[in-house]
>>> print(open('data.csv').read())   # CSV, C-alpha atoms and all ligand atoms
chain,number,residue,atom,x,y,z
P,29,MET,CA,-89.4,-30.4,-33.8
P,30,SER,CA,-92.9,-29.1,-34.2
P,31,TYR,CA,-93.9,-26.7,-37.0
P,32,GLU,CA,-96.8,-24.3,-37.5
P,33,THR,CA,-97.0,-24.1,-41.3
P,34,ILE,CA,-95.7,-27.4,-42.5
P,35,LEU,CA,-96.2,-31.1,-41.5
P,36,THR,CA,-93.3,-33.5,-41.5
P,37,GLU,CA,-93.2,-37.3,-41.5
P,38,ILE,CA,-90.7,-40.0,-42.3
P,39,LYS,CA,-92.2,-42.7,-44.5
P,40,GLY,CA,-89.8,-45.6,-45.0
P,41,ASN,CA,-86.5,-43.8,-45.9
P,42,VAL,CA,-88.2,-40.7,-47.2
P,43,GLY,CA,-88.7,-37.4,-45.4
P,44,LEU,CA,-92.0,-36.0,-46.4
P,45,ILE,CA,-92.8,-32.3,-46.0
P,46,THR,CA,-96.3,-31.0,-46.6
P,47,LEU,CA,-96.8,-27.3,-46.9
P,48,ASN,CA,-99.8,-26.6,-44.7
P,49,ARG,CA,-101.4,-23.2,-45.1
P,50,PRO,CA,-104.4,-24.4,-47.0
P,51,LYS,CA,-106.5,-21.2,-46.5
P,52,ALA,CA,-103.8,-19.2,-48.2
P,53,LEU,CA,-103.2,-21.8,-50.9
P,54,ASN,CA,-99.8,-22.5,-49.2
P,55,ALA,CA,-98.5,-19.0,-49.9
P,56,LEU,CA,-94.8,-19.0,-48.9
P,57,ASN,CA,-94.4,-16.5,-46.1
P,58,SER,CA,-91.1,-16.2,-44.1
P,59,ARG,CA,-92.3,-18.6,-41.5
P,60,VAL,CA,-93.0,-21.3,-44.1
P,61,MET,CA,-89.6,-20.8,-45.7
P,62,THR,CA,-87.8,-20.9,-42.3
P,63,GLU,CA,-89.7,-24.1,-41.3
P,64,LEU,CA,-89.2,-25.7,-44.7
P,65,VAL,CA,-85.4,-25.1,-44.6
P,66,ALA,CA,-85.3,-26.4,-41.0
P,67,ALA,CA,-87.1,-29.6,-42.0
P,68,LEU,CA,-85.0,-30.2,-45.0
P,69,GLN,CA,-81.8,-29.7,-42.9
P,70,GLN,CA,-83.2,-32.1,-40.3
P,71,PHE,CA,-83.8,-34.8,-42.9
P,72,GLU,CA,-80.4,-34.0,-44.5
P,73,ALA,CA,-78.8,-34.8,-41.1
P,74,ASP,CA,-80.8,-38.0,-40.6
P,75,GLU,CA,-79.0,-41.1,-41.9
P,76,ALA,CA,-82.2,-43.0,-42.1
P,77,VAL,CA,-83.5,-40.6,-44.7
P,78,GLY,CA,-82.2,-41.0,-48.3
P,79,ALA,CA,-84.5,-38.7,-50.2
P,80,MET,CA,-87.2,-36.1,-49.5
P,81,VAL,CA,-90.6,-35.1,-51.0
P,82,ILE,CA,-92.2,-31.7,-50.7
P,83,THR,CA,-95.9,-31.5,-51.4
P,84,GLY,CA,-98.8,-29.2,-50.8
P,85,SER,CA,-102.6,-29.7,-51.1
P,86,VAL,CA,-104.6,-31.0,-54.0
P,87,LYS,CA,-105.8,-27.4,-54.8
P,88,ALA,CA,-102.3,-25.8,-54.5
P,89,PHE,CA,-98.7,-26.9,-54.2
P,90,ALA,CA,-98.1,-23.3,-53.5
P,91,ALA,CA,-99.6,-20.1,-55.0
P,92,GLY,CA,-96.4,-18.1,-54.6
P,93,ALA,CA,-94.7,-15.9,-52.1
P,94,ASP,CA,-97.1,-14.4,-49.6
P,95,ILE,CA,-98.3,-11.2,-51.3
P,96,LYS,CA,-99.9,-9.9,-48.1
P,97,GLU,CA,-96.5,-10.2,-46.3
P,98,MET,CA,-94.6,-8.7,-49.2
P,99,ARG,CA,-96.9,-5.7,-49.9
P,100,ASP,CA,-95.3,-3.3,-47.4
P,101,LYS,CA,-91.7,-4.3,-47.8
P,102,THR,CA,-89.1,-1.9,-49.2
P,103,ALA,CA,-86.3,-2.8,-51.6
P,104,VAL,CA,-83.9,-2.8,-48.7
P,105,ASP,CA,-86.1,-5.1,-46.6
P,106,MET,CA,-86.1,-7.5,-49.5
P,107,LEU,CA,-82.3,-7.1,-50.0
P,108,LYS,CA,-81.6,-7.8,-46.3
P,109,GLY,CA,-84.4,-10.4,-45.7
P,110,SER,CA,-83.7,-13.9,-44.5
P,111,PHE,CA,-86.2,-14.9,-47.2
P,112,VAL,CA,-83.5,-14.9,-49.7
P,113,ASP,CA,-81.1,-17.0,-47.5
P,114,ALA,CA,-83.8,-19.6,-47.2
P,115,TRP,CA,-83.8,-20.2,-51.0
P,116,ASP,CA,-80.1,-20.4,-51.0
P,117,SER,CA,-80.1,-22.9,-48.2
P,118,ILE,CA,-82.4,-25.3,-50.2
P,119,MET,CA,-79.7,-25.4,-52.9
P,120,GLN,CA,-77.2,-26.7,-50.4
P,121,ILE,CA,-79.2,-29.9,-49.6
P,122,SER,CA,-77.3,-32.8,-50.9
P,123,LYS,CA,-80.0,-35.5,-50.8
P,124,PRO,CA,-82.5,-35.6,-53.7
P,125,ILE,CA,-85.7,-33.6,-53.3
P,126,ILE,CA,-88.8,-34.4,-55.3
P,127,ALA,CA,-91.7,-32.0,-55.6
P,128,ALA,CA,-95.1,-33.7,-55.7
P,129,THR,CA,-97.4,-31.1,-57.2
P,130,SER,CA,-101.1,-30.6,-57.7
P,131,GLY,CA,-103.2,-27.6,-58.6
P,132,TRP,CA,-101.6,-24.1,-58.5
P,133,VAL,CA,-97.8,-24.0,-58.7
P,134,LEU,CA,-97.3,-20.3,-59.1
P,135,GLY,CA,-94.6,-17.7,-58.6
P,136,GLY,CA,-92.3,-18.7,-55.7
P,137,GLY,CA,-94.2,-22.0,-55.6
P,138,CYS,CA,-93.1,-22.7,-59.2
P,139,GLU,CA,-89.6,-21.6,-58.3
P,140,LEU,CA,-89.6,-24.0,-55.3
P,141,ALA,CA,-90.7,-26.9,-57.5
P,142,LEU,CA,-88.0,-26.0,-60.1
P,143,LEU,CA,-85.4,-25.9,-57.3
P,144,CYS,CA,-86.3,-29.5,-56.5
P,145,ASP,CA,-84.4,-32.3,-58.4
P,146,MET,CA,-87.5,-33.9,-59.9
P,147,ILE,CA,-91.2,-33.1,-60.2
P,148,VAL,CA,-94.0,-35.7,-60.1
P,149,ALA,CA,-97.1,-33.7,-61.3
P,150,GLY,CA,-100.7,-34.5,-60.5
P,151,GLU,CA,-102.7,-34.1,-63.7
P,152,THR,CA,-104.4,-30.9,-62.5
P,153,THR,CA,-101.1,-29.1,-61.9
P,154,LYS,CA,-100.9,-25.6,-63.4
P,155,PHE,CA,-97.4,-24.0,-63.5
P,156,GLY,CA,-97.1,-20.2,-63.8
P,157,GLN,CA,-95.0,-17.2,-63.0
P,158,PRO,CA,-97.7,-14.5,-62.6
P,159,GLU,CA,-95.5,-11.9,-60.9
P,160,ILE,CA,-96.0,-9.6,-63.9
P,161,ASN,CA,-99.5,-9.0,-62.6
P,162,LEU,CA,-98.0,-7.6,-59.4
P,163,GLY,CA,-95.6,-5.3,-61.2
P,164,ILE,CA,-92.6,-7.5,-60.3
P,165,ILE,CA,-90.6,-10.3,-61.9
P,166,PRO,CA,-89.6,-13.7,-60.5
P,167,GLY,CA,-86.9,-13.4,-57.9
P,168,ALA,CA,-86.0,-16.9,-56.8
P,169,GLY,CA,-84.5,-18.3,-60.0
P,170,GLY,CA,-87.7,-18.5,-62.2
P,171,THR,CA,-86.3,-16.6,-65.2
P,172,GLN,CA,-83.2,-18.9,-65.2
P,173,ARG,CA,-84.5,-22.3,-64.3
P,174,LEU,CA,-87.7,-22.1,-66.4
P,175,THR,CA,-85.8,-20.8,-69.4
P,176,ARG,CA,-83.3,-23.6,-69.2
P,177,ALA,CA,-86.2,-26.1,-68.9
P,178,VAL,CA,-88.7,-24.8,-71.6
P,179,GLY,CA,-86.6,-22.6,-73.8
P,180,LYS,CA,-86.6,-18.8,-74.3
P,181,ALA,CA,-89.8,-18.3,-76.4
P,182,LEU,CA,-92.1,-20.1,-74.0
P,183,ALA,CA,-90.3,-18.7,-70.9
P,184,MET,CA,-90.8,-15.2,-72.2
P,185,GLU,CA,-94.6,-15.9,-72.6
P,186,ILE,CA,-94.9,-17.4,-69.2
P,187,ILE,CA,-93.0,-14.6,-67.5
P,188,LEU,CA,-94.1,-11.6,-69.5
P,189,ASN,CA,-97.7,-12.6,-70.2
P,190,ASP,CA,-98.7,-14.9,-67.4
P,191,ARG,CA,-99.1,-17.9,-69.7
P,192,LYS,CA,-99.9,-21.0,-67.5
P,193,LEU,CA,-98.4,-24.4,-68.3
P,194,SER,CA,-100.5,-27.6,-67.9
P,195,ALA,CA,-99.1,-30.7,-66.4
P,196,LYS,CA,-99.1,-32.3,-69.9
P,197,GLU,CA,-97.3,-29.4,-71.5
P,198,ALA,CA,-94.8,-29.4,-68.6
P,199,LEU,CA,-94.1,-33.1,-69.4
P,200,ALA,CA,-93.7,-32.4,-73.1
P,201,PHE,CA,-91.0,-29.8,-72.2
P,202,GLY,CA,-89.2,-32.1,-69.7
P,203,LEU,CA,-90.1,-29.8,-66.8
P,204,VAL,CA,-91.6,-32.8,-64.9
P,205,ASN,CA,-90.8,-36.5,-64.6
P,206,CYS,CA,-94.3,-37.8,-65.0
P,207,VAL,CA,-98.0,-36.8,-64.9
P,208,VAL,CA,-100.1,-38.9,-62.5
P,209,SER,CA,-103.8,-38.9,-61.5
P,210,VAL,CA,-104.7,-36.7,-58.5
P,211,GLU,CA,-105.3,-39.8,-56.4
P,212,HIS,CA,-101.8,-41.2,-57.0
P,213,TYR,CA,-99.3,-38.4,-57.5
P,214,LEU,CA,-98.1,-38.3,-53.9
P,215,ASP,CA,-97.7,-42.1,-53.7
P,216,GLU,CA,-95.8,-42.0,-57.0
P,217,ALA,CA,-93.5,-39.3,-55.7
P,218,LEU,CA,-92.9,-41.3,-52.5
P,219,ALA,CA,-92.3,-44.5,-54.4
P,220,LEU,CA,-89.7,-42.7,-56.6
P,221,ALA,CA,-88.0,-41.2,-53.6
P,222,GLN,CA,-88.0,-44.5,-51.8
P,223,SER,CA,-86.4,-46.2,-54.8
P,224,ILE,CA,-83.6,-43.6,-54.9
P,225,ALA,CA,-83.2,-43.8,-51.1
P,226,GLU,CA,-82.5,-47.5,-51.4
P,227,ARG,CA,-79.5,-46.9,-53.6
P,228,ALA,CA,-75.8,-46.2,-52.7
P,229,PRO,CA,-76.1,-42.9,-50.7
P,230,VAL,CA,-72.7,-41.4,-51.6
P,231,ALA,CA,-73.2,-42.2,-55.3
P,232,VAL,CA,-76.7,-40.6,-55.2
P,233,ARG,CA,-75.3,-37.5,-53.6
P,234,LEU,CA,-72.4,-37.2,-56.1
P,235,GLY,CA,-74.8,-37.9,-59.0
P,236,LYS,CA,-77.0,-35.1,-57.9
P,237,GLU,CA,-74.0,-32.8,-57.6
P,238,ALA,CA,-72.7,-33.8,-61.1
P,239,VAL,CA,-76.1,-33.3,-62.8
P,240,ASN,CA,-76.4,-29.9,-61.2
P,241,GLN,CA,-73.0,-28.9,-62.6
P,242,ALA,CA,-74.6,-29.1,-66.1
P,243,PHE,CA,-76.4,-25.9,-65.2
P,244,GLU,CA,-73.5,-24.1,-63.7
P,245,THR,CA,-70.6,-24.7,-66.2
P,246,GLY,CA,-69.6,-25.3,-69.8
P,247,LEU,CA,-69.4,-28.9,-71.2
P,248,THR,CA,-65.6,-29.3,-70.7
P,249,GLN,CA,-65.6,-28.0,-67.2
P,250,GLY,CA,-68.8,-30.0,-66.3
P,251,ALA,CA,-67.3,-33.2,-67.7
P,252,TYR,CA,-64.1,-32.5,-65.7
P,253,VAL,CA,-66.1,-32.2,-62.4
P,254,GLU,CA,-68.0,-35.3,-63.3
P,255,ARG,CA,-64.7,-37.2,-63.8
P,256,ARG,CA,-63.4,-36.1,-60.4
P,257,LEU,CA,-66.7,-37.1,-58.7
P,258,PHE,CA,-66.6,-40.4,-60.5
P,259,HIS,CA,-63.0,-40.9,-59.2
P,260,LEU,CA,-64.3,-40.2,-55.7
P,261,THR,CA,-66.8,-43.0,-55.9
P,262,PHE,CA,-63.8,-45.4,-56.1
P,263,ALA,CA,-62.9,-44.3,-52.6
P,264,THR,CA,-66.2,-45.6,-51.2
P,265,GLU,CA,-66.9,-49.0,-49.6
P,266,ASP,CA,-70.2,-49.0,-51.5
P,267,ARG,CA,-68.4,-49.0,-54.8
P,268,THR,CA,-66.5,-52.2,-53.8
P,269,GLU,CA,-69.7,-53.7,-52.5
P,270,GLY,CA,-71.7,-52.8,-55.6
P,271,MET,CA,-69.2,-54.4,-58.0
P,272,SER,CA,-68.7,-57.5,-55.8
P,273,ALA,CA,-72.4,-58.0,-55.4
P,274,PHE,CA,-72.9,-57.8,-59.2
P,275,ILE,CA,-70.1,-60.4,-59.8
P,276,GLU,CA,-71.4,-62.7,-56.9
P,277,LYS,CA,-75.0,-62.4,-58.2
P,278,ARG,CA,-76.5,-61.1,-55.0
P,279,PRO,CA,-78.2,-57.8,-53.9
P,280,ALA,CA,-75.7,-55.1,-52.7
P,281,GLN,CA,-75.8,-54.0,-49.1
P,282,TRP,CA,-75.2,-50.3,-49.1
P,283,ARG,CA,-73.6,-48.7,-46.1
P,284,GLY,CA,-73.2,-45.1,-47.2
P,285,LYS,CA,-69.5,-45.3,-46.7
Y,1,LIG,N1,-100.1,-14.7,-51.2
Y,1,LIG,C1,-101.0,-14.5,-50.2
Y,1,LIG,N2,-102.3,-15.0,-50.2
Y,1,LIG,C2,-102.6,-15.7,-51.2
Y,1,LIG,C3,-101.8,-16.0,-52.3
Y,1,LIG,C4,-100.5,-15.4,-52.3
Y,1,LIG,N3,-99.5,-15.6,-53.2
Y,1,LIG,N4,-102.4,-16.7,-53.2
Y,1,LIG,C5,-103.7,-16.9,-52.7
Y,1,LIG,N5,-103.8,-16.3,-51.5
Y,1,LIG,C6,-105.0,-16.3,-50.6
Y,1,LIG,C7,-106.0,-15.4,-51.1
Y,1,LIG,O1,-105.8,-14.0,-50.8
Y,1,LIG,C8,-107.3,-15.9,-50.4
Y,1,LIG,O2,-107.2,-15.5,-49.1
Y,1,LIG,P1,-108.5,-14.8,-48.4
Y,1,LIG,O3,-108.9,-13.7,-49.3
Y,1,LIG,O4,-109.6,-16.0,-48.4
Y,1,LIG,O5,-108.1,-14.4,-47.1
Y,1,LIG,C9,-107.0,-17.4,-50.4
Y,1,LIG,O6,-105.6,-17.6,-50.6
Y,1,LIG,C10,-107.7,-18.2,-51.6
Y,1,LIG,O7,-107.3,-17.5,-52.8
Y,1,LIG,P2,-108.4,-17.1,-53.9
Y,1,LIG,O8,-109.7,-16.8,-53.3
Y,1,LIG,O9,-107.8,-16.1,-54.7
Y,1,LIG,O10,-108.6,-18.5,-54.7
Y,1,LIG,P3,-109.0,-18.7,-56.2
Y,1,LIG,O11,-109.2,-20.2,-56.3
Y,1,LIG,O12,-110.1,-17.8,-56.6
Y,1,LIG,O13,-107.7,-18.3,-57.0
Y,1,LIG,C11,-105.3,-18.3,-57.5
Y,1,LIG,C12,-106.5,-19.1,-56.9
Y,1,LIG,C13,-104.0,-19.1,-57.2
Y,1,LIG,C14,-105.5,-18.2,-59.0
Y,1,LIG,C15,-105.2,-16.8,-56.9
Y,1,LIG,O14,-105.3,-17.0,-55.5
Y,1,LIG,C16,-104.0,-16.1,-57.2
Y,1,LIG,O15,-103.8,-15.5,-58.3
Y,1,LIG,N6,-103.0,-16.0,-56.3
Y,1,LIG,C17,-101.9,-15.2,-56.4
Y,1,LIG,C18,-100.8,-15.9,-57.3
Y,1,LIG,C19,-99.6,-15.0,-57.5
Y,1,LIG,O16,-99.6,-13.9,-58.0
Y,1,LIG,N7,-98.4,-15.6,-57.1
Y,1,LIG,C20,-97.1,-14.9,-57.3
Y,1,LIG,C21,-96.8,-14.2,-56.0
Y,1,LIG,S1,-95.2,-13.3,-56.1
Y,1,LIG,C22,-87.8,-14.1,-53.9
Y,1,LIG,C23,-88.4,-15.4,-53.7
Y,1,LIG,C24,-89.7,-15.6,-54.2
Y,1,LIG,C25,-90.4,-14.6,-54.8
Y,1,LIG,C26,-89.8,-13.4,-55.0
Y,1,LIG,C27,-88.5,-13.1,-54.5
Y,1,LIG,N8,-86.5,-13.9,-53.4
Y,1,LIG,C28,-85.7,-15.0,-52.9
Y,1,LIG,C29,-85.9,-12.6,-53.6
Y,1,LIG,C30,-91.8,-14.9,-55.2
Y,1,LIG,C31,-92.7,-14.0,-55.6
Y,1,LIG,C32,-94.1,-14.5,-55.8
Y,1,LIG,O17,-94.4,-15.6,-55.8
>>> encode(input="data.csv", output="structure tokens")
Amino acid sequence: MSYETILTEIKGNVGLITLNRPKALNALNSRVMTELVAALQQFEADEAVGAMVITGSVKAFAAGADIKEMRDKTAVDMLKGSFVDAWDSIMQISKPIIAATSGWVLGGGCELALLCDMIVAGETTKFGQPEINLGIIPGAGGTQRLTRAVGKALAMEIILNDRKLSAKEALAFGLVNCVVSVEHYLDEALALAQSIAERAPVAVRLGKEAVNQAFETGLTQGAYVERRLFHLTFATEDRTEGMSAFIEKRPAQWRGK
């Protein structure tokens, strides 16, 4: 499939998506969101792909939703828009998604990064939710995911007063997995994705689902879901193979079954 606003490529077992509207600092218009979801779903369906990486340019991962596209929208347009469906579709992807960020990660761009399972940040990354400057608030989960990640006090400052977060600060708050030089952040993200892609695919999928439950439920219910997903791993051939390989002192051969 060919796209206008993104580039896609498979590297090893990793599906790489590069947001490609450099003149607009990768502002997320409807076309970008539609193409991004299509590419993620394509990689989701491809058995050779075990994990995905979303990146942008060195100057900007994404400077937010496209303000020029949004300016003339009504409340009803926003309510009905397929724009919202796109964000929901990203949450349905079962394979791990890593954001490789650099430069501006703002508004919807920050929400997109937060929607990913992990973030590898280039050292110039600046996270922010500057919607307040436009007379709006975050609308794609920013108030919820950011608050869970950095706590109420800092989230309030970021959302109410356009406080930017440096890559180092983001690391200190556990928002990102690591901070890497601008030359190496994409390679680092790809290496992390490849390493995960080489592991037992069903267990990776169930592990992602279980961790995400921590944000959806209380501890007792979350632990219950984890237990059930754990039980499910015992129905896989990979579980038998993994344990046999350990005992026989050889590398496991994962089949995703
Ligand atoms: N939208 C459209 N164009 C943008 C843009 C954006 N968000 N950000 C940058 N651009 C464009 C600029 O207009 C400029 O285009 P030309 O004027 O050259 O045609 C070009 O990119 C370069 O930008 P600058 O000249 O401004 O570059 P600077 O280096 O001087 O400044 C900057 C970089 C990132 C600080 C600045 O561009 C900036 O402040 N950008 C706006 C950031 C922003 O406010 N972002 C939040 C947007 S609101 C929802 C889902 C998502 C959302 C809401 C709802 N639902 C599911 C319901 C999300 C909302 C948002 O993200």
>>> residues_around(input="data.csv", residues="Glu185 (chain P)", least_positions_apart="6", cutoff="10 Å", atoms="only C-alpha atoms", output="PyMOL selection string")
chain P and resi 157+191-192
>>> closest_residue(input="data.csv", among="P:Ile45, P:Leu142, P:Leu162, P:Ile82", to="Lys96 (chain P)", atoms="only C-alpha atoms")
P:Leu162
>>> residues_near_ligand(input="data.csv", ligand="ligand LIG 1 (chain Y)", cutoff="6 Å", atoms="only C-alpha atoms and all ligand atoms", output="PyMOL selection string")
chain P and resi 51-53+55+91-96+111-112+115+132+134-136+158-159+166-168
>>> closest_residue(input="data.csv", among="P:Leu182, P:Val230, P:Ala238, P:Ala114", to="Ala263 (chain P)", atoms="all atoms listed in the file")
P:Val230
>>> closest_residue(input="data.csv", among="P:Leu199, P:Ala242, P:Ile186, P:Ile126", to="Leu143 (chain P)", atoms="only C-alpha atoms")
P:Ile126
